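Source file: start.txt; contents: compact mmCIF, C-alpha atoms.
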```txt
# COMPACT_ATOMS: atom_id res chain seq x y z
CA MET A 191 73.13 -12.34 -80.05
CA ALA A 192 73.22 -8.58 -80.56
CA ASP A 193 70.79 -8.98 -83.46
CA ALA A 194 68.42 -11.04 -81.27
CA GLY A 195 68.63 -8.41 -78.56
CA GLU A 196 67.73 -5.67 -81.01
CA ILE A 197 64.81 -7.73 -82.27
CA LEU A 198 63.54 -8.28 -78.73
CA HIS A 199 63.82 -4.57 -78.02
CA SER A 200 61.82 -3.72 -81.12
CA LEU A 201 59.21 -6.32 -80.25
CA PHE A 202 58.94 -4.89 -76.78
CA ILE A 203 58.25 -1.40 -78.14
CA LEU A 204 55.59 -2.70 -80.49
CA ALA A 205 54.07 -4.88 -77.79
CA LEU A 206 53.94 -1.94 -75.44
CA CYS A 207 52.09 0.07 -78.09
CA ARG A 208 49.63 -2.74 -78.50
CA ALA A 209 49.15 -3.13 -74.74
CA HIS A 210 48.38 0.56 -74.29
CA SER A 211 46.10 0.69 -77.31
CA SER A 212 44.17 -2.33 -76.00
CA ARG A 213 43.24 -0.44 -72.86
CA ALA A 214 41.81 2.43 -74.89
CA SER A 215 39.83 0.36 -77.38
CA THR A 216 37.65 -2.74 -77.51
CA GLY A 217 39.69 -4.37 -80.30
CA PHE A 218 42.99 -5.59 -78.96
CA PHE A 219 45.01 -4.78 -82.06
CA LYS A 220 43.16 -1.58 -82.87
CA GLY A 221 45.52 1.38 -82.89
CA THR A 222 48.42 -0.34 -84.63
CA SER A 223 48.99 0.14 -88.32
CA ALA A 224 49.28 -2.63 -90.89
CA ASP A 225 52.93 -1.69 -91.39
CA GLN A 226 53.63 -2.07 -87.68
CA ASP A 227 51.95 -5.47 -87.61
CA ARG A 228 53.94 -6.60 -90.64
CA ARG A 229 57.25 -5.55 -89.04
CA PHE A 230 56.17 -7.17 -85.82
CA SER A 231 55.47 -10.47 -87.58
CA ASP A 232 58.78 -10.41 -89.46
CA LYS A 233 60.74 -10.02 -86.24
CA GLU A 234 58.68 -12.78 -84.60
CA LEU A 235 59.54 -15.17 -87.41
CA LYS A 236 63.27 -14.48 -87.01
CA LEU A 237 63.12 -15.23 -83.29
CA LEU A 238 60.96 -18.32 -83.75
CA LYS A 239 63.75 -19.83 -85.84
CA THR A 240 66.42 -19.23 -83.20
CA MET A 241 64.61 -19.89 -79.90
CA LYS A 242 63.89 -23.23 -78.24
CA PHE A 243 60.48 -23.94 -76.68
CA PRO A 244 59.11 -26.73 -74.45
CA SER A 245 57.26 -29.65 -76.03
CA GLN A 246 54.00 -28.54 -74.39
CA PHE A 247 53.89 -25.62 -76.82
CA ASP A 248 53.30 -28.07 -79.68
CA LYS A 249 49.83 -28.77 -78.25
CA LYS A 250 47.04 -26.39 -79.19
CA VAL A 251 44.53 -24.90 -76.77
CA ASP A 252 41.02 -23.89 -77.78
CA MET A 253 40.30 -20.86 -75.59
CA ARG A 254 36.56 -21.34 -76.12
CA LYS A 255 36.83 -24.33 -73.79
CA VAL A 256 38.67 -22.42 -71.07
CA ASN A 257 37.09 -20.53 -68.18
CA LEU A 258 39.04 -17.29 -68.38
CA ASP A 259 37.42 -15.94 -65.21
CA VAL A 260 39.68 -18.22 -63.15
CA ILE A 261 42.72 -17.70 -65.37
CA ARG A 262 42.85 -13.91 -64.92
CA PRO A 263 43.45 -14.00 -61.11
CA TRP A 264 46.14 -16.61 -61.62
CA VAL A 265 47.87 -14.44 -64.26
CA ALA A 266 47.78 -11.39 -61.96
CA ALA A 267 49.18 -13.37 -59.01
CA LYS A 268 51.89 -14.99 -61.15
CA VAL A 269 53.05 -11.64 -62.49
CA VAL A 270 53.40 -10.32 -58.93
CA GLU A 271 55.30 -13.48 -57.96
CA LEU A 272 57.77 -13.11 -60.84
CA VAL A 273 58.34 -9.36 -61.06
CA GLY A 274 57.65 -8.43 -57.44
CA PHE A 275 54.83 -5.94 -58.00
CA GLU A 276 51.42 -5.58 -59.62
CA ASP A 277 51.55 -4.71 -63.30
CA GLU A 278 48.14 -4.12 -64.82
CA VAL A 279 49.60 -3.47 -68.28
CA VAL A 280 51.23 -6.91 -68.43
CA VAL A 281 48.10 -8.65 -67.10
CA GLU A 282 45.85 -6.91 -69.63
CA TYR A 283 48.27 -7.60 -72.46
CA ALA A 284 48.55 -11.29 -71.61
CA MET A 285 44.80 -11.67 -71.18
CA GLY A 286 44.25 -9.79 -74.44
CA LEU A 287 46.32 -12.39 -76.26
CA LEU A 288 44.17 -15.15 -74.74
CA GLU A 289 40.83 -13.40 -75.25
CA ASP A 290 41.36 -12.55 -78.93
CA LYS A 291 38.17 -13.95 -80.49
CA ALA A 292 39.70 -13.68 -83.94
CA GLN A 293 42.30 -16.24 -82.88
CA PRO A 294 40.75 -18.75 -80.42
CA THR A 295 43.85 -20.96 -80.57
CA PRO A 296 46.74 -18.67 -79.59
CA ASP A 297 50.34 -19.54 -80.38
CA PRO A 298 52.28 -19.95 -77.10
CA LYS A 299 55.61 -19.44 -78.84
CA LYS A 300 54.57 -16.04 -80.16
CA MET A 301 53.05 -15.21 -76.78
CA GLN A 302 56.38 -15.88 -75.10
CA ILE A 303 58.20 -13.66 -77.58
CA ASN A 304 55.65 -10.88 -77.15
CA LEU A 305 55.83 -11.03 -73.33
CA THR A 306 59.63 -11.18 -73.12
CA GLY A 307 59.94 -7.40 -73.15
CA PHE A 308 57.75 -7.24 -70.03
CA LEU A 309 58.78 -10.31 -68.04
CA THR A 310 62.37 -10.66 -69.38
CA ASP A 311 64.07 -13.74 -67.86
CA SER A 312 60.84 -14.89 -66.17
CA THR A 313 58.89 -15.14 -69.42
CA SER A 314 59.61 -18.81 -70.14
CA THR A 315 58.66 -19.78 -66.56
CA PHE A 316 55.42 -17.83 -66.82
CA MET A 317 54.45 -19.20 -70.21
CA LEU A 318 55.17 -22.83 -69.35
CA ALA A 319 53.05 -22.63 -66.18
CA LEU A 320 50.28 -20.79 -68.04
CA TRP A 321 50.19 -23.20 -70.95
CA ASN A 322 50.04 -26.24 -68.66
CA LEU A 323 47.03 -24.69 -66.92
CA LEU A 324 45.33 -23.99 -70.25
CA LEU A 325 45.92 -27.55 -71.42
CA GLU A 326 44.29 -28.84 -68.23
CA ALA A 327 41.42 -26.39 -68.53
CA GLN A 328 40.36 -27.42 -72.03
CA GLU A 329 40.18 -31.05 -70.89
CA SER A 330 37.89 -30.17 -67.99
CA PRO A 331 34.08 -30.06 -68.46
CA THR A 332 34.02 -26.84 -66.43
CA GLY A 333 36.96 -25.23 -68.21
CA ILE A 334 38.80 -24.94 -64.89
CA PRO A 335 42.32 -26.41 -64.58
CA ARG A 336 42.62 -29.40 -62.27
CA THR A 337 45.61 -27.77 -60.56
CA LEU A 338 43.51 -24.77 -59.52
CA VAL A 339 40.69 -27.02 -58.32
CA GLU A 340 43.09 -29.02 -56.12
CA ALA A 341 44.68 -25.82 -54.81
CA LYS A 342 41.23 -24.54 -53.80
CA LYS A 343 40.41 -27.83 -52.07
CA GLU A 344 43.67 -27.69 -50.13
CA GLU A 345 42.93 -24.12 -49.11
CA MET A 346 39.50 -25.18 -47.82
CA ARG A 347 40.98 -28.16 -45.96
CA ARG A 348 43.46 -25.90 -44.20
CA ALA A 349 40.70 -23.46 -43.28
CA ASN A 350 38.55 -26.28 -41.88
CA LYS A 351 41.53 -27.68 -40.00
CA GLY A 352 42.14 -24.29 -38.45
CA ASP A 353 38.47 -24.03 -37.44
CA ASN A 354 38.57 -27.51 -35.89
CA ARG A 355 41.64 -26.62 -33.87
CA ALA A 356 39.92 -23.50 -32.56
CA LEU A 357 36.87 -25.56 -31.53
CA GLU A 358 39.04 -28.18 -29.83
CA GLU A 359 40.90 -25.49 -27.91
CA ARG A 360 37.62 -23.94 -26.78
CA ASP A 361 36.31 -27.32 -25.59
CA ARG A 362 39.56 -28.02 -23.76
CA ARG A 363 39.32 -24.75 -21.88
CA LEU A 364 35.69 -25.38 -20.96
CA ARG A 365 36.55 -28.82 -19.55
CA LEU A 366 39.45 -27.34 -17.61
CA ASP A 367 37.18 -24.66 -16.13
CA GLU A 368 34.67 -27.34 -15.08
CA ILE A 369 37.37 -29.38 -13.36
CA ARG A 370 38.64 -26.34 -11.47
CA GLU A 371 35.12 -25.43 -10.39
CA ARG A 372 34.47 -28.95 -9.01
CA GLU A 373 37.76 -28.82 -7.11
CA ARG A 374 36.83 -25.47 -5.54
CA GLU A 375 33.43 -26.84 -4.50
CA ALA A 376 35.02 -29.96 -3.00
CA ARG A 377 37.47 -27.92 -0.92
CA GLY A 378 34.77 -25.52 0.30
CA GLY A 379 32.25 -28.26 1.31
CA GLY A 380 34.47 -29.81 4.03
CA ARG A 381 34.75 -26.64 6.12
CA GLY A 382 31.10 -26.17 6.99
CA ARG A 383 29.22 -22.93 7.30
CA GLY A 384 31.35 -20.03 8.38
CA GLY A 385 34.53 -21.89 7.59
CA ARG A 386 35.08 -22.92 11.28
CA GLY A 387 34.62 -26.67 11.11
CA ARG A 388 33.08 -28.16 14.31
CA ARG A 389 33.08 -25.04 16.44
CA GLY A 390 29.76 -23.55 17.36
CA ARG A 391 28.50 -20.03 17.53
CA GLY A 392 31.26 -17.47 17.64
CA GLY A 393 33.80 -20.17 17.12
CA PHE A 394 33.73 -21.44 20.72
CA GLY A 395 30.58 -23.57 20.94
CA ASN A 396 32.32 -26.84 21.76
CA ASP A 397 35.00 -25.71 24.26
CA ASP A 398 35.30 -27.01 27.83
CA ARG A 399 32.94 -24.45 29.25
CA GLY A 400 30.10 -25.84 27.26
CA ASP A 401 29.70 -28.68 29.85
CA ARG A 402 29.17 -26.30 32.82
CA ALA A 403 25.81 -24.99 34.00
CA ARG A 404 25.22 -21.37 33.28
CA ASP A 405 25.52 -18.90 36.11
CA GLY A 406 22.04 -17.53 36.85
CA GLY A 407 23.33 -14.39 38.66
CA TRP A 408 24.26 -13.74 42.30
CA GLY A 409 22.12 -16.59 43.47
CA GLY A 410 24.09 -19.03 41.46
CA ARG A 411 27.42 -18.10 43.00
CA GLY A 412 27.75 -20.27 46.07
CA GLY A 413 30.34 -18.36 48.14
CA VAL A 414 28.73 -14.94 48.19
CA SER A 415 25.14 -16.20 48.58
CA ALA A 416 25.90 -18.38 51.61
CA LYS A 417 27.59 -15.56 53.56
CA PHE A 418 24.81 -13.13 52.77
CA THR A 419 22.10 -15.59 53.97
CA HIS A 420 23.98 -16.35 57.23
CA THR A 421 24.32 -12.64 58.07
CA CYS A 422 20.60 -11.98 57.52
CA THR A 423 19.51 -14.83 59.79
CA ARG A 424 21.50 -13.80 62.70
```
Represent the structure contained in this file as structure tokens.
Amino acid sequence: MADAGEILHSLFILALCRAHSSRASTGFFKGTSADQDRRFSDKELKLLKTMKFPSQFDKKVDMRKVNLDVIRPWVAAKVVELVGFEDEVVVEYAMGLLEDKAQPTPDPKKMQINLTGFLTDSTSTFMLALWNLLLEAQESPTGIPRTLVEAKKEEMRRANKGDNRALEERDRRLRLDEIREREREARGGGRGRGGRGRRGRGGFGNDDRGDRARDGGWGGRGGVSAKFTHTCTR
């Protein structure tokens, strides 16, 4: 186990050199010497004989059939999910292994070994998920994995569902406002103008005094007028 650990450490150092050199050059493996590549391959072979891999890795993927534009965002998101932060070096290194035009059918077993120094215990989880996506992608006419297509559809369904709920809530509030407005109008219509019901002007139009004749002045007051007339005729 100590020997395997030392091998992994050496592979990590060489992989790191390759990852950094890939960012400074167009050729992914440019910047590494032939001797480094030979030592790298020897250590890979030793690990390949001791490690166990899932059966999916026995299936080849032709990267010329894969839409890498949709794979890159998935790789970046998966790295964040597994290591807890964005790591551009790991993303570029992984994508470099997939985009190598000199080797359109990458070896997933070697990829897992090369990425172990970066992703450590999460490497096997990452590689299995990645390889399943690539296998789906090469079977698709568009080169897009079915899993990603279904995930996008589900995302759109949830968005539409959220929009529908917002519209339903808006309609419910409008109906409630209409009901309240009709109730206010119904309550206000029974009171009449001025809010005094059957009363007349000033609020006293239909009281008992409304049945009496209006007093026309002194002449209309019987007691005073009669005495005044009697005095004048005497």
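Proximity of A:Glu373, A:Ile334, A:Leu366, A:Asp232 to Trp264 (chain A), computed with only C-alpha atoms, is greatest for A:Ile334.
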What's the separation between CA of Thr332 (chain A) and CA of Asn257 (chain A), in Å to one decimal place?
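It comes out at 7.2 Å.
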Tell me which protein, DNA and RNA residues are within 9 Å of Trp321 (chain A), counting only C-alpha atoms, leaving out same-chain ones fewer than 4 positions away, and put them as a list in words.
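Answer for this query is Gln246, Phe247, Val251, Pro298, Phe316, Met317, Leu325 and Glu326 of chain A.
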Nearest residue to Ala292 (chain A) from the set A:Val279, A:Leu357, A:Val273, A:Met253 (distances using all atoms listed in the file)
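Checking each of A:Val279, A:Leu357, A:Val273, A:Met253 against Ala292 (chain A), counting all atoms listed in the file, the winner is A:Met253.
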Could you state the separation of CA of Gln302 (chain A) and CA of Phe243 (chain A) in Å, given to one decimal place?
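That distance, rounded to one decimal, is 9.2 Å.
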Counting only C-alpha atoms, find the residues whose atoms lie at most 9 Å from (52.6, -13.0, -64.5) (file coordinates) and write them out as an NGL selection string.
:A and (264-273 or 276-277 or 280-281 or 284 or 309 or 312-313 or 316-317 or 320)
Just to confirm, what's the straight-line distance from CA of Gly378 (chain A) to CA of Leu364 (chain A) in Å (one decimal)?
21.3 Å
